[in-house]
$ cat work_34.cif   # mmCIF, C-alpha atoms and all ligand atoms
data_upload
#
loop_
_atom_site.label_atom_id
_atom_site.label_comp_id
_atom_site.auth_asym_id
_atom_site.auth_seq_id
_atom_site.Cartn_x
_atom_site.Cartn_y
_atom_site.Cartn_z
CA MET A 1159 122.81 82.45 97.74
CA LEU A 1160 120.17 85.13 97.09
CA ASN A 1161 120.46 88.44 98.93
CA THR A 1162 117.06 89.07 100.56
CA GLN A 1163 118.06 92.10 102.65
CA PRO A 1164 118.20 95.28 100.52
CA ALA A 1165 120.32 97.92 102.25
CA SER A 1166 118.61 101.18 103.20
CA ASN A 1167 120.19 104.60 103.52
CA TYR A 1168 117.12 106.23 105.13
CA PRO A 1169 117.94 107.94 108.42
CA LEU A 1170 116.19 106.15 111.29
CA ASN A 1171 115.27 109.07 113.53
CA ASP A 1172 116.18 112.31 111.87
CA ALA A 1173 113.89 113.98 109.32
CA LEU A 1174 114.78 113.33 105.70
CA ALA A 1175 116.96 115.98 104.04
CA SER A 1176 114.34 116.41 101.30
CA ASN A 1177 111.71 117.23 103.96
CA ARG A 1178 113.97 119.74 105.71
CA ILE A 1179 114.80 121.48 102.42
CA GLN A 1180 111.14 121.57 101.36
CA GLU A 1181 110.21 123.02 104.75
CA ARG A 1182 112.74 125.87 104.30
CA LEU A 1183 111.48 126.56 100.78
CA ARG A 1184 107.85 126.66 101.92
CA LYS A 1185 108.70 128.96 104.83
CA ALA A 1186 110.46 131.35 102.43
CA ARG A 1187 107.50 131.03 100.02
CA GLN A 1188 109.89 129.91 97.28
CA THR A 1189 108.68 127.63 94.53
CA PHE A 1190 110.55 124.39 93.93
CA ARG A 1191 109.39 123.42 90.47
CA ALA A 1192 111.51 121.08 88.38
CA ASN A 1193 113.34 123.96 86.71
CA ASP A 1194 113.92 126.08 89.85
CA ASN A 1195 117.36 126.41 91.39
CA ILE A 1196 117.17 125.58 95.12
CA ALA A 1197 120.88 125.76 96.00
CA ALA A 1198 120.38 128.59 98.52
CA PHE A 1199 118.16 126.32 100.63
CA ILE A 1200 120.55 123.36 100.86
CA GLU A 1201 122.91 123.26 103.83
CA ASP A 1202 126.38 121.72 104.01
CA GLY A 1203 126.27 117.93 103.86
CA GLU A 1204 122.64 117.78 102.74
CA LEU A 1205 123.49 116.97 99.10
CA ASP A 1206 125.19 113.79 100.38
CA GLU A 1207 122.02 112.94 102.32
CA LEU A 1208 119.83 113.69 99.28
CA ARG A 1209 121.96 111.42 97.10
CA LEU A 1210 121.47 108.52 99.55
CA GLU A 1211 117.75 109.23 99.82
CA VAL A 1212 117.29 109.27 96.02
CA GLU A 1213 119.29 106.04 95.82
CA ASP A 1214 116.93 104.32 98.27
CA ARG A 1215 113.84 105.57 96.47
CA MET A 1216 115.31 104.58 93.11
CA ARG A 1217 115.86 101.09 94.50
CA GLU A 1218 112.15 101.02 95.35
CA VAL A 1219 111.33 102.08 91.77
CA LEU A 1220 113.40 99.17 90.46
CA GLU A 1221 111.59 96.84 92.87
CA ALA A 1222 108.23 98.16 91.62
CA LEU A 1223 109.42 97.44 88.08
CA VAL A 1224 110.07 93.87 89.29
CA ILE A 1225 113.80 94.10 88.62
CA ASP A 1226 115.82 92.07 91.12
CA SER A 1227 118.66 94.56 91.39
CA ASP A 1228 120.02 92.79 94.51
CA ASN A 1229 120.84 89.74 92.42
CA ASP A 1230 121.23 91.21 88.93
CA HIS A 1231 124.89 91.95 88.28
CA ASN A 1232 123.92 94.65 85.74
CA THR A 1233 121.54 96.67 87.94
CA VAL A 1234 123.09 96.10 91.38
CA GLY A 1235 124.60 99.63 91.32
CA THR A 1236 121.91 101.30 89.19
CA ALA A 1237 120.04 103.05 92.03
CA ARG A 1238 123.30 104.61 93.26
CA ARG A 1239 124.38 105.60 89.73
CA VAL A 1240 121.01 107.16 88.87
CA ALA A 1241 120.96 109.18 92.13
CA LYS A 1242 124.47 110.49 91.39
CA MET A 1243 123.55 111.21 87.77
CA PHE A 1244 120.44 113.22 88.76
CA ILE A 1245 122.00 115.25 91.57
CA ASP A 1246 125.56 115.78 90.33
CA GLU A 1247 125.16 115.68 86.56
CA VAL A 1248 121.95 116.00 84.57
CA PHE A 1249 119.93 118.02 87.17
CA ALA A 1250 122.91 119.72 88.82
CA GLY A 1251 121.53 123.11 87.75
CA ARG A 1252 118.84 122.70 90.46
CA TYR A 1253 121.22 121.93 93.30
CA ARG A 1254 124.37 123.96 92.53
CA ALA A 1255 124.77 127.71 92.80
CA ALA A 1256 125.35 129.66 89.57
CA PRO A 1257 128.86 129.38 88.12
CA PRO A 1258 131.16 132.32 88.84
CA VAL A 1259 130.95 134.75 85.93
CA THR A 1260 133.86 137.08 85.28
CA SER A 1261 132.82 140.44 83.91
CA PHE A 1262 134.89 143.23 82.40
CA PRO A 1263 134.11 146.91 81.98
CA ASN A 1264 133.25 147.79 78.38
CA VAL A 1265 136.27 150.09 78.09
CA ALA A 1266 136.14 150.31 74.28
CA ARG A 1267 132.40 151.13 74.57
CA LEU A 1268 131.59 148.30 72.12
CA ASP A 1269 128.12 148.63 70.64
CA GLU A 1270 128.22 146.13 67.77
CA LEU A 1271 126.23 142.90 67.61
CA MET A 1272 128.12 139.92 69.03
CA ILE A 1273 126.99 136.33 68.40
CA VAL A 1274 128.05 133.17 70.28
CA GLY A 1275 127.08 129.72 69.08
CA PRO A 1276 126.29 127.03 68.47
CA ILE A 1277 126.59 126.12 72.15
CA THR A 1278 125.71 122.45 72.71
CA VAL A 1279 123.16 122.03 75.49
CA ARG A 1280 121.69 119.03 77.26
CA SER A 1281 118.52 119.01 79.29
CA ALA A 1282 115.56 116.73 80.08
CA CYS A 1283 111.85 117.23 79.55
CA SER A 1284 109.88 117.72 82.75
CA HIS A 1285 107.14 115.39 81.54
CA HIS A 1286 109.01 112.11 81.01
CA LEU A 1287 112.56 113.06 82.14
CA CYS A 1288 113.76 112.09 78.65
CA PRO A 1289 116.86 113.84 77.26
CA ILE A 1290 116.70 117.06 75.26
CA MET A 1291 119.84 117.59 73.15
CA GLY A 1292 120.19 120.92 71.47
CA ARG A 1293 122.14 123.93 70.30
CA ILE A 1294 121.84 127.55 71.31
CA TRP A 1295 122.88 130.79 69.61
CA ILE A 1296 123.05 134.00 71.61
CA GLY A 1297 123.21 137.49 70.14
CA VAL A 1298 124.14 140.43 72.36
CA LEU A 1299 124.11 144.09 71.53
CA PRO A 1300 126.29 145.44 74.35
CA ASN A 1301 125.41 148.60 76.17
CA SER A 1302 128.42 150.89 75.97
CA ASP A 1303 128.14 151.61 79.72
CA ALA A 1304 127.48 148.03 80.86
CA GLU A 1305 129.69 145.05 81.63
CA LEU A 1306 130.97 142.37 79.23
CA ILE A 1307 131.20 138.74 80.33
CA GLY A 1308 133.84 136.16 79.36
CA LEU A 1309 132.92 134.16 76.26
CA SER A 1310 133.04 130.77 78.00
CA LYS A 1311 130.58 132.06 80.60
CA PHE A 1312 127.76 132.01 78.04
CA ALA A 1313 128.26 128.24 77.74
CA ARG A 1314 128.55 127.83 81.52
CA LEU A 1315 125.32 129.75 82.16
CA CYS A 1316 123.52 127.76 79.43
CA ASP A 1317 124.63 124.52 81.07
CA TRP A 1318 123.52 125.71 84.53
CA ILE A 1319 120.03 126.65 83.29
CA MET A 1320 119.60 123.61 81.04
CA SER A 1321 120.75 121.02 83.60
CA ARG A 1322 117.24 120.86 85.06
CA PRO A 1323 114.03 119.17 83.96
CA GLN A 1324 112.59 121.78 81.62
CA ILE A 1325 110.28 122.62 78.81
CA GLN A 1326 112.14 124.39 76.03
CA GLU A 1327 109.90 127.47 75.98
CA GLU A 1328 110.59 128.21 79.66
CA ALA A 1329 114.28 127.30 79.41
CA VAL A 1330 115.01 130.01 76.84
CA ILE A 1331 113.10 132.62 78.89
CA MET A 1332 115.11 131.68 82.01
CA LEU A 1333 118.34 131.96 80.07
CA ALA A 1334 117.35 135.34 78.61
CA ASP A 1335 116.41 136.68 82.08
CA GLU A 1336 119.74 135.49 83.52
CA LEU A 1337 121.79 137.08 80.72
CA GLU A 1338 119.83 140.35 80.84
CA ARG A 1339 120.29 140.58 84.60
CA ARG A 1340 124.04 140.05 84.31
CA ILE A 1341 125.01 142.09 81.22
CA ARG A 1342 122.20 144.62 80.88
CA PRO A 1343 122.60 144.72 77.08
CA ASP A 1344 120.71 147.02 74.72
CA GLY A 1345 119.51 143.95 72.81
CA LEU A 1346 119.46 140.20 73.35
CA ALA A 1347 118.52 137.31 71.04
CA ILE A 1348 118.44 133.58 71.77
CA VAL A 1349 117.64 130.77 69.36
CA MET A 1350 117.46 127.19 70.59
CA GLU A 1351 117.05 124.13 68.38
CA ALA A 1352 116.64 120.79 70.12
CA ASP A 1353 115.86 117.12 69.70
CA HIS A 1354 113.34 115.88 72.26
CA PHE A 1355 113.88 112.21 72.99
CA CYS A 1356 110.37 111.91 74.44
CA MET A 1357 109.34 112.09 70.76
CA HIS A 1358 112.23 110.04 69.30
CA TRP A 1359 112.67 107.22 71.79
CA ARG A 1360 109.03 106.81 72.88
CA GLY A 1361 105.59 108.31 72.14
CA VAL A 1362 105.27 109.08 68.44
CA LYS A 1363 108.80 107.68 67.83
CA ASP A 1364 109.51 110.17 65.08
CA GLU A 1365 113.20 110.94 64.59
CA ARG A 1366 112.77 114.07 62.50
CA PRO A 1367 111.06 116.85 64.46
CA VAL A 1368 113.34 119.48 65.90
CA MET A 1369 111.89 122.17 68.15
CA THR A 1370 113.10 125.72 67.52
CA SER A 1371 112.38 128.58 69.91
CA SER A 1372 113.57 132.13 69.78
CA ILE A 1373 113.54 135.11 72.08
CA MET A 1374 114.26 138.67 70.99
CA ARG A 1375 114.52 141.53 73.45
CA GLY A 1376 115.30 145.25 73.36
CA ALA A 1377 116.94 146.48 70.16
CA LEU A 1378 116.89 142.97 68.69
CA LEU A 1379 113.11 142.91 69.03
CA GLU A 1380 112.50 146.46 67.86
CA ASN A 1381 115.03 146.80 65.04
CA ASN A 1382 114.22 144.55 62.05
CA ASP A 1383 117.65 145.08 60.41
CA LEU A 1384 119.48 144.06 63.54
CA ARG A 1385 117.26 141.01 64.00
CA ARG A 1386 117.85 139.99 60.37
CA GLU A 1387 121.61 140.46 60.83
CA PHE A 1388 121.54 138.11 63.86
CA LEU A 1389 119.51 135.46 62.05
CA GLU A 1390 121.68 135.63 58.89
CA LEU A 1391 124.95 135.46 60.84
CA ARG A 1392 123.58 132.52 62.85
CA HIS A 1393 122.77 130.63 59.63
CA ARG A 1394 126.17 131.46 58.16
CA GLY A 1395 127.79 129.99 61.29
CA GLN A 1396 125.87 126.74 60.69
CA GLN A 1397 127.31 126.15 57.23
N1 LIG B 1401 105.71 122.45 74.36
C1 LIG B 1401 106.61 121.52 74.72
N2 LIG B 1401 106.22 120.24 74.74
C2 LIG B 1401 107.13 119.32 75.12
C3 LIG B 1401 108.45 119.64 75.45
N3 LIG B 1401 109.10 118.50 75.75
C4 LIG B 1401 108.19 117.51 75.62
N4 LIG B 1401 106.99 117.98 75.20
C5 LIG B 1401 105.70 117.30 74.89
O1 LIG B 1401 104.90 117.28 76.06
C6 LIG B 1401 103.90 116.29 75.94
C7 LIG B 1401 103.85 115.46 77.20
O2 LIG B 1401 102.58 115.42 77.70
P1 LIG B 1401 101.45 114.29 77.36
O3 LIG B 1401 100.82 114.61 76.06
O4 LIG B 1401 100.56 114.22 78.56
O5 LIG B 1401 102.31 112.96 77.26
P2 LIG B 1401 101.94 111.59 76.56
O6 LIG B 1401 100.50 111.26 76.77
O7 LIG B 1401 102.95 110.61 77.00
O8 LIG B 1401 102.11 112.01 75.03
P3 LIG B 1401 102.92 111.37 73.83
O9 LIG B 1401 104.30 111.87 73.93
O10 LIG B 1401 102.21 111.89 72.60
O11 LIG B 1401 102.81 109.86 73.97
C8 LIG B 1401 104.32 115.46 74.73
O12 LIG B 1401 103.52 115.85 73.63
C9 LIG B 1401 105.77 115.86 74.50
O13 LIG B 1401 106.18 115.69 73.16
C10 LIG B 1401 108.83 121.01 75.41
O14 LIG B 1401 109.97 121.42 75.70
N5 LIG B 1401 107.87 121.91 75.05
#

$ encode --input "work_34.cif" --output "C-alpha cells"
Amino acid sequence: MLNTQPASNYPLNDALASNRIQERLRKARQTFRANDNIAAFIEDGELDELRLEVEDRMREVLEALVIDSDNDHNTVGTARRVAKMFIDEVFAGRYRAAPPVTSFPNVARLDELMIVGPITVRSACSHHLCPIMGRIWIGVLPNSDAELIGLSKFARLCDWIMSRPQIQEEAVIMLADELERRIRPDGLAIVMEADHFCMHWRGVKDERPVMTSSIMRGALLENNDLRREFLELRHRGQQ
C-alpha cells in the first residue's frame, strides 16, 4: 500500500528555530552569509530543531524533484541523512564553536620559518553546494614573544573554516585572519590547491583545472628570500 501521508517535523505553534536564530542575528547586526559562523546565536536544543526543519524542507525539495521518497526504498531516509550531513558534517563549521586550541609560550624564542602541510581540506562551493577537495600548506614565522599552537590545531582550524559553503579566495583569507589572531606571528603564508567539483561533475565537466590561491602576510610578504624559502620547502614536501 502506498504511503500518502508524509510526516512533518515542523512545530505547529512555536516559531521555527531558523526564524528565531535569524531574528537574534539581525538584532545583533551580525551577517549570516554561507561562510559565517553563527554558533554564538544558537541556543541549547536548537540544533536538534534545525536538523528536523532542514529534513522537512529537504523532503519538499525531493517532492519538487518528483522523487517519491515515501515509497522509494533508496530515498526514504535521504531528507534526514542530508539534514544531518549539512548540519553535523559538511557545514558544521557554521554551527559549531571553534575547536579548543592549546597554545604554549614560545620559551625557546623560536624565530625560524615553520611549515605545516599538506593538510587535506574539504569544503563546498557557495554557488552550487558542490564539493571542494583540496590541500593547504601553512608557513608561520613565529614571533619570539608570542604563543605557539599545537601542530594538530592547524588542521582542526582549517577544518572548522572550510566546513562551510565557501569560495576559495574568501576561505584562505578567513583562515589567515583566524591564525593571525591566535598566534600573532611575524609572518604568515597560506597556499591552497583545490579541485572544484562544480567544474568536474557539472558545468564545463573538465577534470583538470585545479585552483591555487595564496596569501602572504608580514615578513612573508615583505621578505622575498623568506617567501621563496616557504614556496621551495612546500614543493619539496610534495615530492
Ligand atoms: N572564483 C571562484 N569561482 C568559483 C569557486 N567555486 C566555484 N566557482 C565558479 O563560480 C561560478 C558559478 O557561477 P555561475 O557562472 O553563475 O554558474 P553557472 O552559470 O552554473 O556556470 P558554469 O559552472 O559555467 O555552468 C562558476 O564559474 C564556478 O566554476 C571559487 O572558489 N572561486

$ atom_distance --input "work_34.cif" --atom1 "atom CA of Ala1329 of chain A" --atom2 "atom CA of Pro1276 of chain A"
16.2 Å

$ residues_near_ligand --input "work_34.cif" --ligand "ligand LIG 1401 (chain B)" --cutoff "9 Å" --atoms "only C-alpha atoms and all ligand atoms" --output "list in words"
Ala1282, Cys1283, Ser1284, His1285, His1286, Cys1288, Ile1290, Gln1324, Ile1325, Gln1326, Glu1327, Glu1328, Ala1329, Ala1352, His1354, Phe1355, Cys1356, Met1357, Arg1360, Gly1361, Val1362, Lys1363 and Met1369 of chain A

$ residues_around --input "work_34.cif" --residues "segment 1245-1247 of chain A" --least-positions-apart "6" --cutoff "9 Å" --atoms "only C-alpha atoms" --output "ChimeraX atom specification"
/A:1205,1208-1209,1212,1253-1254,1321

$ residues_around --input "work_34.cif" --residues "segment 1296-1312 of chain A" --least-positions-apart "5" --cutoff "9 Å" --atoms "all atoms listed in the file" --output "number ranges by chain"
A: 1257-1277, 1317, 1337, 1340-1350, 1377-1378, 1388, 1392

$ residues_near_point --input "work_34.cif" --point "(113.7, 109.4, 96.9)" --cutoff "12 Å" --atoms "only C-alpha atoms" --output "PyMOL selection string"
chain A and resi 1166-1168+1174-1177+1207-1219+1237-1238+1240-1241+1244-1245

$ atom_distance --input "work_34.cif" --atom1 "atom CA of Ile1319 of chain A" --atom2 "atom CA of Arg1280 of chain A"
9.9 Å

$ closest_residue --input "work_34.cif" --among "A:Leu1287, A:Leu1389, A:Ile1196, A:Leu1315" --to "Val1248 of chain A" --atoms "only C-alpha atoms"
A:Leu1287

$ atom_distance --input "work_34.cif" --atom1 "atom CA of Ile1200 of chain A" --atom2 "atom CA of Ile1179 of chain A"
6.2 Å

$ closest_residue --input "work_34.cif" --among "A:Phe1249, A:Trp1359, A:Trp1295, A:Phe1199" --to "Leu1183 of chain A" --atoms "all atoms listed in the file"
A:Phe1199

$ closest_residue --input "work_34.cif" --among "A:Leu1379, A:Ala1334, A:Val1279, A:Met1291" --to "His1358 of chain A" --atoms "all atoms listed in the file"
A:Met1291

$ closest_residue --input "work_34.cif" --among "A:Glu1338, A:Asp1202, A:Asp1194, A:Glu1351" --to "Arg1375 of chain A" --atoms "only C-alpha atoms"
A:Glu1338

$ closest_residue --input "work_34.cif" --among "A:Arg1394, A:Arg1339, A:Arg1366, A:Arg1322" --to "Arg1252 of chain A" --atoms "all atoms listed in the file"
A:Arg1322

$ closest_residue --input "work_34.cif" --among "A:Leu1391, A:Ala1197, A:Ala1222, A:Val1368" --to "Trp1318 of chain A" --atoms "only C-alpha atoms"
A:Ala1197

$ build_atoms --input "work_34.cif" --residues "segment 1368-1390 of chain A" --atoms "N, CA and C atoms" --output "mmCIF file, in the frame of the given file"
data_model
loop_
_atom_site.group_PDB
_atom_site.id
_atom_site.type_symbol
_atom_site.label_atom_id
_atom_site.label_comp_id
_atom_site.auth_asym_id
_atom_site.auth_seq_id
_atom_site.Cartn_x
_atom_site.Cartn_y
_atom_site.Cartn_z
ATOM 1 N N VAL A 1368 112.423 118.697 65.078
ATOM 2 C CA VAL A 1368 113.340 119.480 65.900
ATOM 3 C C VAL A 1368 112.533 120.670 66.384
ATOM 4 N N MET A 1369 112.636 121.011 67.657
ATOM 5 C CA MET A 1369 111.890 122.170 68.150
ATOM 6 C C MET A 1369 112.810 123.396 68.138
ATOM 7 N N THR A 1370 112.311 124.482 67.564
ATOM 8 C CA THR A 1370 113.100 125.720 67.520
ATOM 9 C C THR A 1370 112.344 126.801 68.287
ATOM 10 N N SER A 1371 113.027 127.449 69.224
ATOM 11 C CA SER A 1371 112.380 128.580 69.910
ATOM 12 C C SER A 1371 113.318 129.776 69.849
ATOM 13 N N SER A 1372 112.725 130.931 69.799
ATOM 14 C CA SER A 1372 113.570 132.130 69.780
ATOM 15 C C SER A 1372 112.998 133.188 70.703
ATOM 16 N N ILE A 1373 113.917 133.998 71.198
ATOM 17 C CA ILE A 1373 113.540 135.110 72.080
ATOM 18 C C ILE A 1373 114.292 136.332 71.567
ATOM 19 N N MET A 1374 113.608 137.418 71.406
ATOM 20 C CA MET A 1374 114.260 138.670 70.990
ATOM 21 C C MET A 1374 113.866 139.740 72.000
ATOM 22 N N ARG A 1375 114.830 140.481 72.468
ATOM 23 C CA ARG A 1375 114.520 141.530 73.450
ATOM 24 C C ARG A 1375 115.231 142.836 73.090
ATOM 25 N N GLY A 1376 114.674 143.926 73.539
ATOM 26 C CA GLY A 1376 115.300 145.250 73.360
ATOM 27 C C GLY A 1376 115.479 145.564 71.885
ATOM 28 N N ALA A 1377 116.674 146.045 71.534
ATOM 29 C CA ALA A 1377 116.940 146.480 70.160
ATOM 30 C C ALA A 1377 116.778 145.328 69.171
ATOM 31 N N LEU A 1378 117.019 144.103 69.620
ATOM 32 C CA LEU A 1378 116.890 142.970 68.690
ATOM 33 C C LEU A 1378 115.423 142.611 68.429
ATOM 34 N N LEU A 1379 114.539 143.095 69.278
ATOM 35 C CA LEU A 1379 113.110 142.910 69.030
ATOM 36 C C LEU A 1379 112.587 144.062 68.166
ATOM 37 N N GLU A 1380 113.079 145.266 68.490
ATOM 38 C CA GLU A 1380 112.500 146.460 67.860
ATOM 39 C C GLU A 1380 113.095 146.774 66.485
ATOM 40 N N ASN A 1381 114.349 146.403 66.266
ATOM 41 C CA ASN A 1381 115.030 146.800 65.040
ATOM 42 C C ASN A 1381 115.105 145.610 64.066
ATOM 43 N N ASN A 1382 114.312 145.680 62.996
ATOM 44 C CA ASN A 1382 114.220 144.550 62.050
ATOM 45 C C ASN A 1382 115.563 144.242 61.408
ATOM 46 N N ASP A 1383 116.354 145.290 61.076
ATOM 47 C CA ASP A 1383 117.650 145.080 60.410
ATOM 48 C C ASP A 1383 118.600 144.304 61.325
ATOM 49 N N LEU A 1384 118.591 144.708 62.569
ATOM 50 C CA LEU A 1384 119.480 144.060 63.540
ATOM 51 C C LEU A 1384 119.082 142.595 63.740
ATOM 52 N N ARG A 1385 117.765 142.382 63.810
ATOM 53 C CA ARG A 1385 117.260 141.010 64.000
ATOM 54 C C ARG A 1385 117.660 140.148 62.798
ATOM 55 N N ARG A 1386 117.488 140.732 61.588
ATOM 56 C CA ARG A 1386 117.850 139.990 60.370
ATOM 57 C C ARG A 1386 119.345 139.683 60.360
ATOM 58 N N GLU A 1387 120.145 140.662 60.794
ATOM 59 C CA GLU A 1387 121.610 140.460 60.830
ATOM 60 C C GLU A 1387 121.939 139.275 61.760
ATOM 61 N N PHE A 1388 121.290 139.229 62.924
ATOM 62 C CA PHE A 1388 121.540 138.110 63.860
ATOM 63 C C PHE A 1388 121.166 136.785 63.211
ATOM 64 N N LEU A 1389 119.976 136.732 62.604
ATOM 65 C CA LEU A 1389 119.510 135.460 62.050
ATOM 66 C C LEU A 1389 120.385 135.017 60.867
ATOM 67 N N GLU A 1390 120.812 135.985 60.042
ATOM 68 C CA GLU A 1390 121.680 135.630 58.890
ATOM 69 C C GLU A 1390 123.044 135.147 59.370
#
